[in-house]
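Worksheet: the structure to be examined is printed underneath.
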Number of protein chains: 2
Amino acid sequence: MGVTINDIAKLANVAPSTVSRVIADHPSISQKTKDRVRALIEELGYQPNYQAQSLGSNTTNTIGIVMPDSTDRVFQNPFFPEIMRGISNIAHDKSYEILISTGTTEQEIVESVKRMVQRKRVDGFILLYSKMDDQVSDYLRSKKFPFVIVGKPDKNIDAITHVDNDNVQAAKETVDYFIKKGHRQIAFVGGDPTQVVTVDRMEGYKLALQEANIPLREELIIREKSLREGGREAARELMKLDNKPTALLVTDDLIALGMLTNFAQNNVKVPDDVSIISFNNVLIAEMAHPALTSVDIQVFKLGYYAGDCLIEKIKNPEEPHKRVIVPFKLVERESCK
Amino acid sequence: MGVTINDIAKLANVAPSTVSRVIADHPSISQKTKDRVRALIEELGYQPNYQAQSLGSNTTNTIGIVMPDSTDRVFQNPFFPEIMRGISNIAHDKSYEILISTGTTEQEIVESVKRMVQRKRVDGFILLYSKMDDQVSDYLRSKKFPFVIVGKPDKNIDAITHVDNDNVQAAKETVDYFIKKGHRQIAFVGGDPTQVVTVDRMEGYKLALQEANIPLREELIIREKSLREGGREAARELMKLDNKPTALLVTDDLIALGMLTNFAQNNVKVPDDVSIISFNNVLIAEMAHPALTSVDIQVFKLGYYAGDCLIEKIKNPEEPHKRVIVPFKLVERESCK
DNA sequence: TTGTATGCGTTATCAA
DNA sequence: TTGATAACGCATACAA
């Protein structure tokens, strides 16, 4: 068996409760005994048993991560490892552990989350997505269980802490950028239309066109659910058009990569025939050919701040709901002219 | 407070221990009381408190995941989300939860793992990498703590359960395939040389050349640590050569993608000037242009089986160490002729 | 087949 | 400033 708090107590000639207080750095313990006890702890390599500590204090020091449901191969989007890296960093800094939800269908995920709260497995959750009518989010809200959304909640914005980019503005500025370069026929290629981020970016797209008095052409708006086939499919549709677009706003680097492939096969030159700007600025954006001009939404920071907000909220449940906006930045490469 | 085992016991007119046994589906409880108790459990939505259950039974029902250290942007390799998906699936099937290690440097990761075992946070680990002289692996072995390696251990092969492909054979067959297509100048572009998988694939490469009586040219062997720059750098080096290779065996789709980009920029035609076959067969392999012929190592299964082995080992520690080999398959696309 | 009593390793309350 | 002692919620050895 491992060494327990009692072992330390005996050797230090104090009560177990005293040792417990030393661990928690309780102010009412004299420096002298603190030192003595700590020396013993160090010497014996004592580590408090997690389950016991957790049972006694009714807290878990762990963060639950909820992934989107993984029909399609969305997880292969480098977005996820990158945001996990951000969360992992802050978790490590604050001595929190990370538990990830299992389950692939929405129903399985909801069950998984419910079990985790009822069994008290985590102190709070980070949702790595934001979509319409999300059951997980509704459930957590009804239970008043701490959680943070990465992205913008589709409702109750002021009642849910979230970390997001200003996607409306990001899309708008990108289209402005196209316009300034002389483009007039600008298409929008978006991912899953039930995701809030897609909606936001489309809004920015429309806003920019409106301001510039460019008529909206519905056939230039394409929404693809599949990351895998999405890009190629979208490229096909767009190229069938009589009056082809000269610029493409694409909401995901991976979709843009698919489009690039289709264009290469059909001898459409990027950026000579069409310019492309995509979102996320993930590693493959710079590896693609031509390298993709992409909006860097700072995925790592999204994760880091989400973790930070959640931990704050856990420690102080009275804390008002917050909204953290991570700045974006257009990274110019070769796919746009 | 939530509903506890005592609440159920009172309402069912039995002792708490009986309820506990019903939950564990203990054989010595009559069907009648089982039914009655279960009905109440269902009705009240009772879920056992995790910490208490864990403390009482000295087991956690959770799997720890150890990632490689993340200098460079290795995590952006879709390999990781995909293998996590496999582990997540089996974990969900077997009612296990997943805790992932935090920490970015090797030292931090080792500390994190040590804490997790001492504090009894998990029942076992899956290591998502295999490299030379790994401290984590050494530590777990010394503690006789259950763990499974994805890949081939660099030593003590028979004493460590691992799930792997036959990478020597996979590389050999791939080179054989090149040779059959008439290639003689075949280059090997590998990732991190401290990783066992790189070593294995190189061995297969050498073996095939030897069998075919093709002299080994050291300058055709390139090893790149960085996924990011690796591909482009390797392409540059190879194209400087007087006697250029006509075929490339590349150990990672992402590196191959980088090479593709460099070739496109320098007007090297794939597959007309060089053929490429890479490993992993991750989503971007089929999205690239030209689509990459790639060795599918079935990453999902790698994860699924690793989880399965670990859980078996946890349930029966006496179980002998196993070696599970997941078959590979060459997926032919456009990058090779 | 079921109940009683005790232990698991902490935290926290109340005294001293 | 510290020490007893009672939770915390469940598992299990032993009794019945």
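Simple scheme: letters A, B, ... for chains in structure tokens order, numbers from 1 for residues in each chain, numbers from 1 for ligands in the order shown.
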Sort by chain and increasing residue number a table of all residues of chain A within 9 Å of chain D, each with its closest pair of atoms and their distance in Å to one decimal, counting only C-alpha atoms (C1' of nucleotides), and write it as JSON lines.
```
{"residue": "A:Val14", "atom": "CA", "partner": "D:DG3", "partner_atom": "C1'", "distance": 8.1}
{"residue": "A:Ala15", "atom": "CA", "partner": "D:DG3", "partner_atom": "C1'", "distance": 6.1}
{"residue": "A:Pro16", "atom": "CA", "partner": "D:DG3", "partner_atom": "C1'", "distance": 8.9}
{"residue": "A:Ser17", "atom": "CA", "partner": "D:DG3", "partner_atom": "C1'", "distance": 7.8}
{"residue": "A:Thr18", "atom": "CA", "partner": "D:DT2", "partner_atom": "C1'", "distance": 7.0}
{"residue": "A:Ser28", "atom": "CA", "partner": "D:DT1", "partner_atom": "C1'", "distance": 6.4}
{"residue": "A:Ile29", "atom": "CA", "partner": "D:DT1", "partner_atom": "C1'", "distance": 6.1}
{"residue": "A:Ser30", "atom": "CA", "partner": "D:DT1", "partner_atom": "C1'", "distance": 6.8}
{"residue": "A:Ala52", "atom": "CA", "partner": "D:DC8", "partner_atom": "C1'", "distance": 8.6}
{"residue": "A:Leu55", "atom": "CA", "partner": "D:DC8", "partner_atom": "C1'", "distance": 5.5}
{"residue": "A:Gly56", "atom": "CA", "partner": "D:DC8", "partner_atom": "C1'", "distance": 5.3}
{"residue": "A:Ser57", "atom": "CA", "partner": "D:DC8", "partner_atom": "C1'", "distance": 8.2}
{"residue": "A:Asn58", "atom": "CA", "partner": "D:DC8", "partner_atom": "C1'", "distance": 8.0}
```
Just N, CA and C atoms for this one: save the residues we selected as a PDB file, in the first residue's frame.
```
ATOM      1  N   VAL A  14       1.787  14.508  14.970  1.00  0.00           N
ATOM      2  CA  VAL A  14       0.634  15.417  14.922  1.00  0.00           C
ATOM      3  C   VAL A  14      -0.595  14.599  14.521  1.00  0.00           C
ATOM      4  N   ALA A  15      -1.747  15.234  14.541  1.00  0.00           N
ATOM      5  CA  ALA A  15      -2.970  14.547  14.127  1.00  0.00           C
ATOM      6  C   ALA A  15      -3.085  14.567  12.601  1.00  0.00           C
ATOM      7  N   PRO A  16      -3.772  13.588  12.042  1.00  0.00           N
ATOM      8  CA  PRO A  16      -3.991  13.570  10.590  1.00  0.00           C
ATOM      9  C   PRO A  16      -4.606  14.868  10.098  1.00  0.00           C
ATOM     10  N   SER A  17      -5.498  15.416  10.891  1.00  0.00           N
ATOM     11  CA  SER A  17      -6.134  16.654  10.446  1.00  0.00           C
ATOM     12  C   SER A  17      -5.119  17.777  10.272  1.00  0.00           C
ATOM     13  N   THR A  18      -4.119  17.737  11.075  1.00  0.00           N
ATOM     14  CA  THR A  18      -3.074  18.756  10.943  1.00  0.00           C
ATOM     15  C   THR A  18      -2.337  18.593   9.612  1.00  0.00           C
ATOM     16  N   SER A  28      -3.854  28.752   9.688  1.00  0.00           N
ATOM     17  CA  SER A  28      -3.759  28.648  11.149  1.00  0.00           C
ATOM     18  C   SER A  28      -2.766  27.592  11.643  1.00  0.00           C
ATOM     19  N   ILE A  29      -1.888  27.176  10.753  1.00  0.00           N
ATOM     20  CA  ILE A  29      -0.876  26.214  11.183  1.00  0.00           C
ATOM     21  C   ILE A  29       0.474  26.934  11.280  1.00  0.00           C
ATOM     22  N   SER A  30       1.191  26.649  12.347  1.00  0.00           N
ATOM     23  CA  SER A  30       2.461  27.348  12.543  1.00  0.00           C
ATOM     24  C   SER A  30       3.473  26.949  11.480  1.00  0.00           C
ATOM     25  N   ALA A  52     -10.160   9.768  -2.151  1.00  0.00           N
ATOM     26  CA  ALA A  52     -10.483  10.149  -0.780  1.00  0.00           C
ATOM     27  C   ALA A  52     -10.571  11.663  -0.656  1.00  0.00           C
ATOM     28  N   LEU A  55     -13.683  12.755  -2.311  1.00  0.00           N
ATOM     29  CA  LEU A  55     -14.882  12.404  -1.556  1.00  0.00           C
ATOM     30  C   LEU A  55     -15.059  13.343  -0.367  1.00  0.00           C
ATOM     31  N   GLY A  56     -13.949  13.610   0.285  1.00  0.00           N
ATOM     32  CA  GLY A  56     -14.021  14.490   1.445  1.00  0.00           C
ATOM     33  C   GLY A  56     -14.358  15.918   1.093  1.00  0.00           C
ATOM     34  N   SER A  57     -13.807  16.398   0.009  1.00  0.00           N
ATOM     35  CA  SER A  57     -13.956  17.821  -0.297  1.00  0.00           C
ATOM     36  C   SER A  57     -15.079  18.093  -1.290  1.00  0.00           C
ATOM     37  N   ASN A  58     -15.611  17.036  -1.852  1.00  0.00           N
ATOM     38  CA  ASN A  58     -16.669  17.172  -2.846  1.00  0.00           C
ATOM     39  C   ASN A  58     -16.262  18.038  -4.037  1.00  0.00           C
TER      40      ASN A  58
END
```
Dump as JSON lines the rows for residues of chain B within 7 Å of chain A: closest atom pair and distance in Å with one decimal, only C-alpha atoms counted, ordered by chain and rising residue number.
```
{"residue": "B:Gln47", "atom": "CA", "partner": "A:Arg119", "partner_atom": "CA", "distance": 5.9}
{"residue": "B:Pro48", "atom": "CA", "partner": "A:Arg119", "partner_atom": "CA", "distance": 6.0}
{"residue": "B:Asn49", "atom": "CA", "partner": "A:Arg119", "partner_atom": "CA", "distance": 4.6}
{"residue": "B:Tyr50", "atom": "CA", "partner": "A:Arg119", "partner_atom": "CA", "distance": 5.1}
{"residue": "B:Gln51", "atom": "CA", "partner": "A:Gln51", "partner_atom": "CA", "distance": 4.9}
{"residue": "B:Ala52", "atom": "CA", "partner": "A:Leu55", "partner_atom": "CA", "distance": 6.3}
{"residue": "B:Ser54", "atom": "CA", "partner": "A:Gln51", "partner_atom": "CA", "distance": 6.5}
{"residue": "B:Leu55", "atom": "CA", "partner": "A:Gln51", "partner_atom": "CA", "distance": 5.6}
{"residue": "B:Phe75", "atom": "CA", "partner": "A:Pro81", "partner_atom": "CA", "distance": 5.7}
{"residue": "B:Gln76", "atom": "CA", "partner": "A:Pro78", "partner_atom": "CA", "distance": 4.9}
{"residue": "B:Asn77", "atom": "CA", "partner": "A:Pro78", "partner_atom": "CA", "distance": 6.9}
{"residue": "B:Pro78", "atom": "CA", "partner": "A:Gln76", "partner_atom": "CA", "distance": 4.9}
{"residue": "B:Pro81", "atom": "CA", "partner": "A:Phe75", "partner_atom": "CA", "distance": 5.7}
{"residue": "B:Glu82", "atom": "CA", "partner": "A:Gln76", "partner_atom": "CA", "distance": 6.4}
{"residue": "B:Ser88", "atom": "CA", "partner": "A:Thr102", "partner_atom": "CA", "distance": 5.4}
{"residue": "B:Asn89", "atom": "CA", "partner": "A:Gly103", "partner_atom": "CA", "distance": 6.8}
{"residue": "B:His92", "atom": "CA", "partner": "A:Thr102", "partner_atom": "CA", "distance": 5.6}
{"residue": "B:Ile98", "atom": "CA", "partner": "A:Leu99", "partner_atom": "CA", "distance": 5.6}
{"residue": "B:Leu99", "atom": "CA", "partner": "A:Leu99", "partner_atom": "CA", "distance": 4.5}
{"residue": "B:Ile100", "atom": "CA", "partner": "A:Ile98", "partner_atom": "CA", "distance": 5.8}
{"residue": "B:Thr102", "atom": "CA", "partner": "A:Ser88", "partner_atom": "CA", "distance": 5.4}
{"residue": "B:Gly103", "atom": "CA", "partner": "A:His92", "partner_atom": "CA", "distance": 6.1}
{"residue": "B:Gln118", "atom": "CA", "partner": "A:Gln47", "partner_atom": "CA", "distance": 6.4}
{"residue": "B:Arg119", "atom": "CA", "partner": "A:Asn49", "partner_atom": "CA", "distance": 4.6}
{"residue": "B:Lys120", "atom": "CA", "partner": "A:Tyr50", "partner_atom": "CA", "distance": 6.4}
{"residue": "B:Arg121", "atom": "CA", "partner": "A:Tyr50", "partner_atom": "CA", "distance": 6.4}
{"residue": "B:Leu257", "atom": "CA", "partner": "A:Met287", "partner_atom": "CA", "distance": 6.9}
{"residue": "B:Gly258", "atom": "CA", "partner": "A:Met287", "partner_atom": "CA", "distance": 5.5}
{"residue": "B:Thr261", "atom": "CA", "partner": "A:His289", "partner_atom": "CA", "distance": 5.1}
{"residue": "B:Leu283", "atom": "CA", "partner": "A:Gln76", "partner_atom": "CA", "distance": 6.8}
{"residue": "B:Met287", "atom": "CA", "partner": "A:Gly258", "partner_atom": "CA", "distance": 5.5}
{"residue": "B:Ala288", "atom": "CA", "partner": "A:Thr261", "partner_atom": "CA", "distance": 6.1}
{"residue": "B:His289", "atom": "CA", "partner": "A:Thr261", "partner_atom": "CA", "distance": 5.1}
```
Store the residues picked out above, limited to C-alpha atoms, as a PDB file, in the first residue's frame.
```
ATOM      1  CA  GLN B  47     -26.053   6.865 -10.038  1.00  0.00           C
ATOM      2  CA  PRO B  48     -23.349   5.702  -7.643  1.00  0.00           C
ATOM      3  CA  ASN B  49     -20.974   8.402  -6.535  1.00  0.00           C
ATOM      4  CA  TYR B  50     -17.800   7.795  -8.440  1.00  0.00           C
ATOM      5  CA  GLN B  51     -15.289   8.779  -5.762  1.00  0.00           C
ATOM      6  CA  ALA B  52     -16.955   6.654  -3.117  1.00  0.00           C
ATOM      7  CA  SER B  54     -13.678   4.091  -6.370  1.00  0.00           C
ATOM      8  CA  LEU B  55     -12.436   4.519  -2.828  1.00  0.00           C
ATOM      9  CA  PHE B  75      -0.417  16.976 -32.478  1.00  0.00           C
ATOM     10  CA  GLN B  76      -1.716  18.486 -35.633  1.00  0.00           C
ATOM     11  CA  ASN B  77      -1.156  15.105 -37.134  1.00  0.00           C
ATOM     12  CA  PRO B  78      -4.616  13.597 -37.660  1.00  0.00           C
ATOM     13  CA  PRO B  81      -7.576  12.288 -33.062  1.00  0.00           C
ATOM     14  CA  GLU B  82      -8.105   9.137 -35.061  1.00  0.00           C
ATOM     15  CA  SER B  88     -12.863   6.283 -27.016  1.00  0.00           C
ATOM     16  CA  ASN B  89     -15.049   3.705 -28.720  1.00  0.00           C
ATOM     17  CA  HIS B  92     -17.424   3.650 -24.106  1.00  0.00           C
ATOM     18  CA  ILE B  98     -10.532   8.525 -20.448  1.00  0.00           C
ATOM     19  CA  LEU B  99      -8.116  10.808 -18.676  1.00  0.00           C
ATOM     20  CA  ILE B 100      -5.383  12.415 -20.717  1.00  0.00           C
ATOM     21  CA  THR B 102      -1.120  17.040 -19.420  1.00  0.00           C
ATOM     22  CA  GLY B 103       2.344  18.462 -19.749  1.00  0.00           C
ATOM     23  CA  GLN B 118       0.493   7.444  -6.918  1.00  0.00           C
ATOM     24  CA  ARG B 119      -2.790   9.211  -6.451  1.00  0.00           C
ATOM     25  CA  LYS B 120      -4.586   6.262  -8.009  1.00  0.00           C
ATOM     26  CA  ARG B 121      -6.307   8.259 -10.696  1.00  0.00           C
ATOM     27  CA  LEU B 257       2.055  16.567 -48.275  1.00  0.00           C
ATOM     28  CA  GLY B 258       4.940  18.932 -47.640  1.00  0.00           C
ATOM     29  CA  THR B 261       4.021  21.235 -52.217  1.00  0.00           C
ATOM     30  CA  LEU B 283      -7.939  11.929 -44.450  1.00  0.00           C
ATOM     31  CA  MET B 287      -7.575  15.029 -50.252  1.00  0.00           C
ATOM     32  CA  ALA B 288      -4.118  15.882 -51.538  1.00  0.00           C
ATOM     33  CA  HIS B 289      -3.318  16.524 -55.161  1.00  0.00           C
TER      34      HIS B 289
END
```
Counting only C-alpha atoms (C1' of nucleotides), the residue of A:Val295, A:Thr4, A:Ala9, A:Gln31 that sits nearest chain C:
A:Thr4
Which residues of chain C come within 10 Å of chain A, and what is each one's closest atom pair and distance in Å (one decimal), counting only C-alpha atoms (C1' of nucleotides), sorted by chain and residue number, as CSV?
```
residue,atom,partner,partner_atom,distance
C:DC8,C1',A:Ala52,CA,7.7
C:DG9,C1',A:Ala52,CA,4.9
C:DT10,C1',A:Ala52,CA,4.5
C:DT11,C1',A:Gly56,CA,4.6
C:DA12,C1',A:Gly56,CA,8.3
```
Write out, as a PDB file, in the first residue's frame, the residues just selected, with N, CA and C atoms (P, O5', C5', C4', C3', O3' and C1' of nucleotides).
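Listed below is the output, part-v1.pdb:
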```pdb
ATOM      1  P    DC C   8      -8.475   0.214   5.943  1.00  0.00           P
ATOM      2  O5'  DC C   8      -8.594   0.977   4.570  1.00  0.00           O
ATOM      3  C5'  DC C   8      -9.158   0.392   3.400  1.00  0.00           C
ATOM      4  C4'  DC C   8      -9.580   1.495   2.470  1.00  0.00           C
ATOM      5  C3'  DC C   8      -8.857   2.816   2.740  1.00  0.00           C
ATOM      6  O3'  DC C   8      -7.752   2.929   1.848  1.00  0.00           O
ATOM      7  C1'  DC C   8     -11.215   3.115   2.333  1.00  0.00           C
ATOM      8  P    DG C   9      -6.306   3.352   2.445  1.00  0.00           P
ATOM      9  O5'  DG C   9      -6.367   4.947   2.384  1.00  0.00           O
ATOM     10  C5'  DG C   9      -6.514   5.564   1.120  1.00  0.00           C
ATOM     11  C4'  DG C   9      -6.927   7.005   1.330  1.00  0.00           C
ATOM     12  C3'  DG C   9      -5.973   7.796   2.226  1.00  0.00           C
ATOM     13  O3'  DG C   9      -5.698   9.007   1.567  1.00  0.00           O
ATOM     14  C1'  DG C   9      -8.204   8.043   2.962  1.00  0.00           C
ATOM     15  P    DT C  10      -4.607  10.002   2.035  1.00  0.00           P
ATOM     16  O5'  DT C  10      -5.308  11.404   1.746  1.00  0.00           O
ATOM     17  C5'  DT C  10      -6.047  12.023   2.783  1.00  0.00           C
ATOM     18  C4'  DT C  10      -7.339  12.534   2.231  1.00  0.00           C
ATOM     19  C3'  DT C  10      -7.707  13.875   2.813  1.00  0.00           C
ATOM     20  O3'  DT C  10      -7.540  14.887   1.838  1.00  0.00           O
ATOM     21  C1'  DT C  10      -9.483  12.262   3.081  1.00  0.00           C
ATOM     22  P    DT C  11      -7.461  16.370   2.449  1.00  0.00           P
ATOM     23  O5'  DT C  11      -8.983  16.689   2.859  1.00  0.00           O
ATOM     24  C5'  DT C  11      -9.974  16.803   1.865  1.00  0.00           C
ATOM     25  C4'  DT C  11     -11.294  17.194   2.522  1.00  0.00           C
ATOM     26  C3'  DT C  11     -11.277  18.545   3.229  1.00  0.00           C
ATOM     27  O3'  DT C  11     -12.498  19.202   2.932  1.00  0.00           O
ATOM     28  C1'  DT C  11     -11.911  16.859   4.755  1.00  0.00           C
ATOM     29  P    DA C  12     -12.744  20.686   3.410  1.00  0.00           P
ATOM     30  O5'  DA C  12     -13.626  20.511   4.721  1.00  0.00           O
ATOM     31  C5'  DA C  12     -14.821  19.732   4.661  1.00  0.00           C
ATOM     32  C4'  DA C  12     -15.502  19.770   6.019  1.00  0.00           C
ATOM     33  C3'  DA C  12     -15.431  21.131   6.715  1.00  0.00           C
ATOM     34  O3'  DA C  12     -16.623  21.303   7.487  1.00  0.00           O
ATOM     35  C1'  DA C  12     -14.333  19.537   8.040  1.00  0.00           C
TER      36       DA C  12
END
```
Quick one, how far is CA of Glu312 in chain A from CA of Phe125 in chain A?
12.3 Å
DSSP on the backbone, alpha helix (DSSP H) only: what residues of range 90-137 of chain A does that give? Format it as a list in words.
Ile90, Ala91, His92, Asp93, Glu106, Gln107, Glu108, Ile109, Val110, Glu111, Ser112, Val113, Lys114, Arg115, Met116, Val117, Gln118, Gln135, Val136 and Ser137 of chain A
Filtering to C-alpha atoms, could you give me those residues as a PDB file, in the first residue's frame?
```
ATOM      1  CA  ILE A  90      -3.881  25.789 -18.689  1.00  0.00           C
ATOM      2  CA  ALA A  91      -5.032  22.607 -16.946  1.00  0.00           C
ATOM      3  CA  HIS A  92      -1.467  21.693 -16.232  1.00  0.00           C
ATOM      4  CA  ASP A  93      -0.713  25.173 -14.953  1.00  0.00           C
ATOM      5  CA  GLU A 106     -25.384  12.878 -29.905  1.00  0.00           C
ATOM      6  CA  GLN A 107     -27.495  10.665 -27.657  1.00  0.00           C
ATOM      7  CA  GLU A 108     -24.500   8.773 -26.347  1.00  0.00           C
ATOM      8  CA  ILE A 109     -22.710  11.990 -25.620  1.00  0.00           C
ATOM      9  CA  VAL A 110     -25.624  13.449 -23.709  1.00  0.00           C
ATOM     10  CA  GLU A 111     -25.864  10.299 -21.605  1.00  0.00           C
ATOM     11  CA  SER A 112     -22.156  10.389 -21.001  1.00  0.00           C
ATOM     12  CA  VAL A 113     -22.299  13.969 -19.797  1.00  0.00           C
ATOM     13  CA  LYS A 114     -25.256  13.308 -17.550  1.00  0.00           C
ATOM     14  CA  ARG A 115     -23.488  10.394 -15.946  1.00  0.00           C
ATOM     15  CA  MET A 116     -20.414  12.477 -15.399  1.00  0.00           C
ATOM     16  CA  VAL A 117     -22.292  15.143 -13.520  1.00  0.00           C
ATOM     17  CA  GLN A 118     -24.460  12.799 -11.509  1.00  0.00           C
ATOM     18  CA  GLN A 135     -28.976  19.121 -25.607  1.00  0.00           C
ATOM     19  CA  VAL A 136     -25.772  19.064 -23.612  1.00  0.00           C
ATOM     20  CA  SER A 137     -25.765  22.785 -23.165  1.00  0.00           C
TER      21      SER A 137
END
```
What is the distance, in Å and to one decimal place, between CA of Ser275 in chain A and CA of Thr251 in chain A?
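These two atoms are separated by 14.1 Å.
All residues within range 49-104 of chain B that the backbone DSSP calculation assigns to strand (DSSP E) are B:Thr62, B:Ile63, B:Gly64, B:Ile65, B:Val66, B:Glu97, B:Ile98, B:Leu99, B:Ile100.
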CA of Leu127 in chain A to CA of Leu249 in chain A, distance in Å rounded to a single decimal
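Interatomic distance here is 26.0 Å.
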